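Trainee: Attaching a single structure in C-alpha cells format; questions to follow.
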Amino acid sequence: MEARIGVRNTKSILFKSLIVFLAFVITIPLIIVLLYIIKMGVMQVNWHFLTKIPAPVGETGGGVSNALLGSFIIVLMSSIVAIPVGILAGIYLSENAGTRLAYYSGLCVDILQGVPSIVVGIVIYFWLVKPWTLLNISFFKFHVLIANPLSGFSAISGSVALAIMMLPIIIRATEQTLLLLPPSLKEAALSLGVPYHRVILKVIVPCGFAGILSGIMLAVARIIGETAPLLFTAFGNPYLSISITRPMETLPHLIYTYATSPYNDWINLAWGASFILLMFVLLLNIFTKLITRKWNIQL
Amino acid sequence: MDPSLKTGKKSMKKNKVDNAAAAGLIADKEQVTLRENKRLDLAYSQMIWESIFKFILIIMSIVLVIIVIGVLITLIMQSMPSIKSLGLGYLWGKVWDPVNNVYGAYPFLIGTLLTSFTALIISIPFSYAISIYLGEYNVKGWLSNLLKNTIELIAAVPSVIYGFWGLFVLVPVVRTFEIKIGVAPYGVGICTASLVLAVMIIPYAASLGTSLIRMVPSPLKEGAYALGATRFEVIRSVILPYTRSGLFAGILLSLGRALGETMAVTLLIGNTSAIAHTIKEAFFGPGNTMASVIANEFTEADHTVYLSALIELGLVLFLVTVIINLIGKRIITRYTNK
C-alpha cells in the first residue's frame, strides 16, 4: 500500500515537471526569433535607413522610407474605414442580441475571422484591381457607365483588404466590452429622457472606451504585419509614392520581396525592416495589455 | 418616425402664433411660446436622430453580411471557368502544368494537409501543456501572467518575419539534419514549414484551453481530491474529460489557422508542384500548399483557366477554413453555455 502511494505520487510529480517543461520550452523559439531579428536588424537602422528609398542593385546603402510611409498611409486608411464600421456593428450586435439580423451578422463576423488572408487578397483583386464594367449603355444623350473606378494595383485596394481583416477584431472587442457594462447604466440615462443615440455615444461607448481602444490596437497590430492580402492589391513600389491610386510599398511586402532576393544589401534592408516592424507590433501589443489590465477588461 | 407628428407639431406652432396675435398678448408671453417651440424642435430633431442612428446600426450589420456573401459569390463566379472546363476531377488530378494547360490540385491538397497536420501534431502537446499549466497548476501570480503574455506575443509576430527568420536560421539547421539522415538536402520543404507553423498556431489552442480549464467547477476537483486522488489523477480523470470537447474546439481553431497560413509557408516550403514518390521524400522535400501556390502564381497567371484554377483553390480553402472555424465556434458556444 505504501509503495502504491509512492508510485502515484511520483507519477504526479513527473507529470507536473513534464507539463512545466513543455509549457516553458515553447517560449524559446520566440526568444530566439526576437534576439536574432534584433541582432541582425538593429545594426541596419540609422537616419539614412529611415529617410532614403531602397538603392538599386549594385549600389550600397539605401533605406526603407517608401515602405514606412506606405505602411503608415495604408494602415491609416484602413483604420478610417474599419473603426467606425466596426464600432457601430459591434454596438448593433451587443444591443440587439437575439434578433435574426444580429445572429446572421454574428455568424459573418465568425466567418470573416477565419477567412485566410490570401483569400481576402484574391477577392479584393476582383473587386477593385481588375478592370471591370458592370454596365455600359447609351440611350439618347445619356451614357451610363458603371465600371471599376481604380483598375490597377493601388493603395486604396490594399487598405480595403486590410480593413476587412480589421473588422472582426474591432467588432468582437466592442461587443464583448459593451456586454460587460451593467444594464443599469443605460437604464439610468434613458430614464432621464436622454435620446437613444446620445445614450450610446455619450454614456455607453465612453464607459467601454478602453476595451474598444484595445480592440482597435490589436487590430492594427495584426494587420500591419499582413503580407498576403497586399500581394495582389497594393503590390509594392520601389519608389516613394504618396498617391493612393498607385501601387504602394509596405513593410511586410518589402520584407517578403527582399528576403527572397539574392542581393546581400537587399537582405540587410529586409532585416532592418523586420526589426522596425517587430518592435512596433510588440510595443503595440504590450501597450494594449497594460491598458486592458488597468481597466480590467477581458477580451 | 411618425409623419403625422410632424404636421401636428407644425399646425400647433401655427395655431399658437395665430392665437397669440389674435389675442394681442404681451411680448413676454410670446417669448414663452417661442421657447416652448424651441424645446419641441429640439425634442423632435432628437427623435429624428434616434431613428437615423438605429438605421445606421442596421446598415452596418447588413454590410457585414453583404461582404461575406460578396466574397463567396466572387470566388464562385471567378472559378466558374475552371469548374466548367476541368470538372470535379481537377481536385485529384495529379499533374499541375500550366504551360501545357494541365491542372490538378492533388499536389497542393496533399501539401496543405501534410503541413497542417504535422504542425498540429507537433503543437498539440505544447498547447495542452500550456493550458494545463496556466489553467490548473499556476493560475495566478506574475509567472503565470508573464507566460500567458509571452504565449500571446507568439501570435503577434507577423508571419512574414517567421518565414524570413526560418529561411536564414532554420533552413541551414534542417539541411545539416537532412545530410545526416541521408535525404536530399533541400533545407526548405514540408518539414521546415511544419516546424514554424507549429510554433505559430500554438497560442490559438493554448489561450482557449487555459480559459476552459479555469472554468472547470471546483466541487468536481475537490470531490476527486477528497477520494484521495493525486493531482495527476485529478487532471487525467476529471479535468481533461470535462474539457475534452472545448480543447478539441481549440485544436480545430488552430487547424483553421494552419490551413490558411500563407507567408511563412510560402517562404519555407520550396514551391514545387511535383509529387514526391517516397514518404521520406514527401516529408523532407519541397512541396506546395494551396495558399502558397496562390501567392506565387496568381500574378503570373496569364490565361483564364489558369487564373480560375487558382481561384478554385482559394474557394476550396475558404470553404474548408470557414467550416472548421464554425464547427469550433459552435462547440465553444455550446460548451460555455452548459
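Naming scheme: A, B, ... for chains in displayed order of the C-alpha cells; residues 1 onward per chain; ligands 1 onward as shown.
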Skipping near chain neighbours, those fewer than 3 positions away, what residues fall within 7 Å of region 125-142 of chain B using only C-alpha atoms, listed as a PyMOL selection string?

Mentor: (chain A and resi 19-20+22-23) or (chain B and resi 122+145-146+202+205-207+209-211+213-214)

Trainee: Extract the full set of alpha helix (DSSP H) residues from region 11-227 of chain A according to DSSP on the backbone, and format it as a VMD selection string.

Mentor: chain A and resid 11 to 25 27 to 42 47 to 51 65 to 95 100 to 114 117 to 124 155 to 180 183 to 191 196 to 198 205 to 207 209 to 223

Trainee: Please produce an output containing C-alpha atoms for each residue in the selection, written as a tab-separated table (two decimals), in the first residue's frame.

Mentor:
chain	number	residue	atom	x	y	z
A	11	LYS	CA	3.76	9.84	-11.33
A	12	SER	CA	2.07	13.07	-10.31
A	13	ILE	CA	5.37	14.86	-9.80
A	14	LEU	CA	6.78	13.53	-13.09
A	15	PHE	CA	3.66	14.69	-14.91
A	16	LYS	CA	3.92	18.13	-13.37
A	17	SER	CA	7.55	18.50	-14.37
A	18	LEU	CA	6.73	17.38	-17.91
A	19	ILE	CA	3.94	19.98	-18.12
A	20	VAL	CA	6.15	22.75	-16.75
A	21	PHE	CA	8.93	21.79	-19.14
A	22	LEU	CA	6.67	21.76	-22.21
A	23	ALA	CA	4.92	24.98	-21.20
A	24	PHE	CA	8.14	26.93	-20.83
A	25	VAL	CA	10.09	25.35	-23.66
A	27	THR	CA	8.91	30.44	-25.25
A	28	ILE	CA	12.39	29.53	-26.52
A	29	PRO	CA	11.55	29.83	-30.26
A	30	LEU	CA	10.00	33.24	-29.64
A	31	ILE	CA	13.06	34.42	-27.72
A	32	ILE	CA	15.40	33.07	-30.41
A	33	VAL	CA	13.43	34.79	-33.18
A	34	LEU	CA	13.31	38.06	-31.24
A	35	LEU	CA	17.01	38.06	-30.41
A	36	TYR	CA	18.03	37.09	-33.94
A	37	ILE	CA	15.90	39.81	-35.56
A	38	ILE	CA	17.20	42.38	-33.07
A	39	LYS	CA	20.79	41.29	-33.65
A	40	MET	CA	20.50	41.46	-37.43
A	41	GLY	CA	18.22	44.46	-37.60
A	42	VAL	CA	19.49	46.92	-35.05
A	47	TRP	CA	18.95	58.04	-40.13
A	48	HIS	CA	19.88	57.08	-43.65
A	49	PHE	CA	17.85	53.87	-43.40
A	50	LEU	CA	14.74	55.74	-42.29
A	51	THR	CA	14.85	58.52	-44.87
A	65	SER	CA	11.35	55.24	-46.24
A	66	ASN	CA	8.91	54.28	-49.00
A	67	ALA	CA	7.74	51.23	-47.07
A	68	LEU	CA	7.49	53.09	-43.77
A	69	LEU	CA	5.37	55.83	-45.31
A	70	GLY	CA	3.34	53.32	-47.31
A	71	SER	CA	2.57	51.16	-44.29
A	72	PHE	CA	1.54	54.25	-42.35
A	73	ILE	CA	-0.77	55.53	-45.10
A	74	ILE	CA	-2.36	52.15	-45.79
A	75	VAL	CA	-2.95	51.33	-42.12
A	76	LEU	CA	-4.34	54.84	-41.56
A	77	MET	CA	-6.76	54.49	-44.47
A	78	SER	CA	-7.94	51.06	-43.41
A	79	SER	CA	-8.43	52.30	-39.84
A	80	ILE	CA	-10.54	55.20	-41.10
A	81	VAL	CA	-12.79	52.72	-42.87
A	82	ALA	CA	-12.82	49.90	-40.35
A	83	ILE	CA	-13.06	51.71	-36.98
A	84	PRO	CA	-16.45	53.42	-37.44
A	85	VAL	CA	-17.99	50.42	-39.21
A	86	GLY	CA	-16.57	48.03	-36.63
A	87	ILE	CA	-17.71	50.02	-33.59
A	88	LEU	CA	-21.21	50.61	-34.98
A	89	ALA	CA	-21.65	46.97	-35.97
A	90	GLY	CA	-20.35	45.94	-32.54
A	91	ILE	CA	-22.92	48.25	-30.90
A	92	TYR	CA	-25.66	46.69	-33.00
A	93	LEU	CA	-24.60	43.18	-32.06
A	94	SER	CA	-24.49	43.93	-28.33
A	95	GLU	CA	-27.72	45.98	-28.30
A	100	ARG	CA	-32.28	37.40	-36.62
A	101	LEU	CA	-30.05	40.05	-38.23
A	102	ALA	CA	-27.73	40.00	-35.21
A	103	TYR	CA	-27.47	36.22	-35.49
A	104	TYR	CA	-26.51	36.37	-39.15
A	105	SER	CA	-24.06	39.24	-38.78
A	106	GLY	CA	-22.51	37.48	-35.78
A	107	LEU	CA	-22.09	34.44	-38.00
A	108	CYS	CA	-20.48	36.63	-40.65
A	109	VAL	CA	-18.04	38.04	-38.09
A	110	ASP	CA	-17.05	34.48	-37.18
A	111	ILE	CA	-16.60	33.67	-40.88
A	112	LEU	CA	-14.55	36.81	-41.53
A	113	GLN	CA	-12.33	35.99	-38.56
A	114	GLY	CA	-11.45	32.64	-40.10
A	117	SER	CA	-5.78	36.40	-45.58
A	118	ILE	CA	-4.80	35.35	-49.08
A	119	VAL	CA	-8.46	34.78	-49.97
A	120	VAL	CA	-9.24	38.36	-48.94
A	121	GLY	CA	-6.46	39.44	-51.30
A	122	ILE	CA	-7.97	37.48	-54.21
A	123	VAL	CA	-11.45	38.88	-53.64
A	124	ILE	CA	-10.31	42.50	-53.38
A	155	ALA	CA	-3.01	51.66	-52.11
A	156	ILE	CA	-6.79	52.04	-51.77
A	157	SER	CA	-7.44	48.41	-52.67
A	158	GLY	CA	-4.78	47.32	-50.17
A	159	SER	CA	-6.44	49.41	-47.48
A	160	VAL	CA	-9.85	47.91	-48.20
A	161	ALA	CA	-8.40	44.39	-47.93
A	162	LEU	CA	-6.77	45.23	-44.59
A	163	ALA	CA	-9.95	46.94	-43.37
A	164	ILE	CA	-11.88	43.71	-43.95
A	165	MET	CA	-9.27	41.90	-41.86
A	166	MET	CA	-9.58	44.51	-39.09
A	167	LEU	CA	-13.38	44.42	-38.86
A	168	PRO	CA	-13.95	41.15	-36.94
A	169	ILE	CA	-11.40	42.05	-34.24
A	170	ILE	CA	-12.89	45.51	-33.62
A	171	ILE	CA	-16.46	44.20	-33.72
A	172	ARG	CA	-15.82	41.41	-31.24
A	173	ALA	CA	-13.88	43.71	-28.89
A	174	THR	CA	-16.69	46.31	-28.96
A	175	GLU	CA	-19.40	43.71	-28.49
A	176	GLN	CA	-17.67	41.94	-25.60
A	177	THR	CA	-16.87	45.22	-23.83
A	178	LEU	CA	-20.39	46.61	-24.13
A	179	LEU	CA	-21.94	43.35	-22.94
A	180	LEU	CA	-19.85	43.60	-19.77
A	183	PRO	CA	-27.52	47.50	-17.89
A	184	SER	CA	-28.43	49.96	-15.11
A	185	LEU	CA	-26.09	52.46	-16.77
A	186	LYS	CA	-28.19	52.54	-19.90
A	187	GLU	CA	-31.47	52.43	-17.98
A	188	ALA	CA	-30.46	55.42	-15.84
A	189	ALA	CA	-29.61	57.50	-18.88
A	190	LEU	CA	-32.80	56.52	-20.71
A	191	SER	CA	-34.95	57.29	-17.67
A	196	TYR	CA	-31.08	56.63	-27.61
A	197	HIS	CA	-28.18	57.70	-29.82
A	198	ARG	CA	-26.88	60.00	-27.09
A	205	VAL	CA	-19.25	53.96	-25.59
A	206	PRO	CA	-17.16	56.23	-23.28
A	207	CYS	CA	-17.61	53.67	-20.47
A	209	PHE	CA	-13.70	53.09	-24.33
A	210	ALA	CA	-10.67	51.21	-23.04
A	211	GLY	CA	-11.96	47.88	-24.30
A	212	ILE	CA	-12.79	49.29	-27.72
A	213	LEU	CA	-9.42	51.04	-27.90
A	214	SER	CA	-7.56	47.85	-27.09
A	215	GLY	CA	-9.55	46.05	-29.79
A	216	ILE	CA	-8.52	48.71	-32.29
A	217	MET	CA	-4.88	48.49	-31.26
A	218	LEU	CA	-4.88	44.70	-31.53
A	219	ALA	CA	-6.44	45.00	-34.97
A	220	VAL	CA	-3.77	47.48	-36.09
A	221	ALA	CA	-1.02	45.25	-34.70
A	222	ARG	CA	-2.50	42.32	-36.59
A	223	ILE	CA	-2.87	43.98	-39.99

Trainee: From the list A:Gly208, A:Pro116, A:Gly236, A:Gly193, which residue is nearest chain B when using only C-alpha atoms?

Mentor: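 Answer, going by the shortest atom-to-atom distance: A:Pro116.
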
Trainee: Which residue out of B:Ile235, B:Ile331, B:Ala184, B:Ile121 has the minimum interatomic distance to chain A when only C-alpha atoms are used?

Mentor: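 Comparing B:Ile235, B:Ile331, B:Ala184, B:Ile121 against chain A, the winner is B:Ile235.
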
Trainee: Any idea what's packed within 9 Å of Pro131 (chain A), counting only C-alpha atoms, ignoring anything in its chain fewer than 6 positions away? Could you give it as JSON, numbers by chain?

Mentor: {"A": [147, 148, 149, 150, 151, 152]}

Trainee: Would you return as a VMD selection string the members of region 1-228 of chain A that DSSP assigns to strand (DSSP E) on this structure's backbone?

Mentor: chain A and resid 133 to 139 142 to 147

Trainee: Find, counting only C-alpha atoms, the residue in B:Thr115, B:Thr262, B:Thr272, B:Thr33 that gets nearest to chain A.

Mentor: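 Result for the nearest residue to chain A: B:Thr262.
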
Trainee: Which residues are close to Ala155 (chain B), i.e. within 10 Å by only C-alpha atoms, leaving aside same-chain residues fewer than 2 positions away? Reply as a list in words.

Mentor: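 So the residues in contact are Leu30 and Arg222 of chain A; Thr150, Ile151, Glu152, Leu153, Val157, Pro158, Ser159, Val199, Met200, Ile201, Ile202, Pro203 and Tyr204 of chain B.
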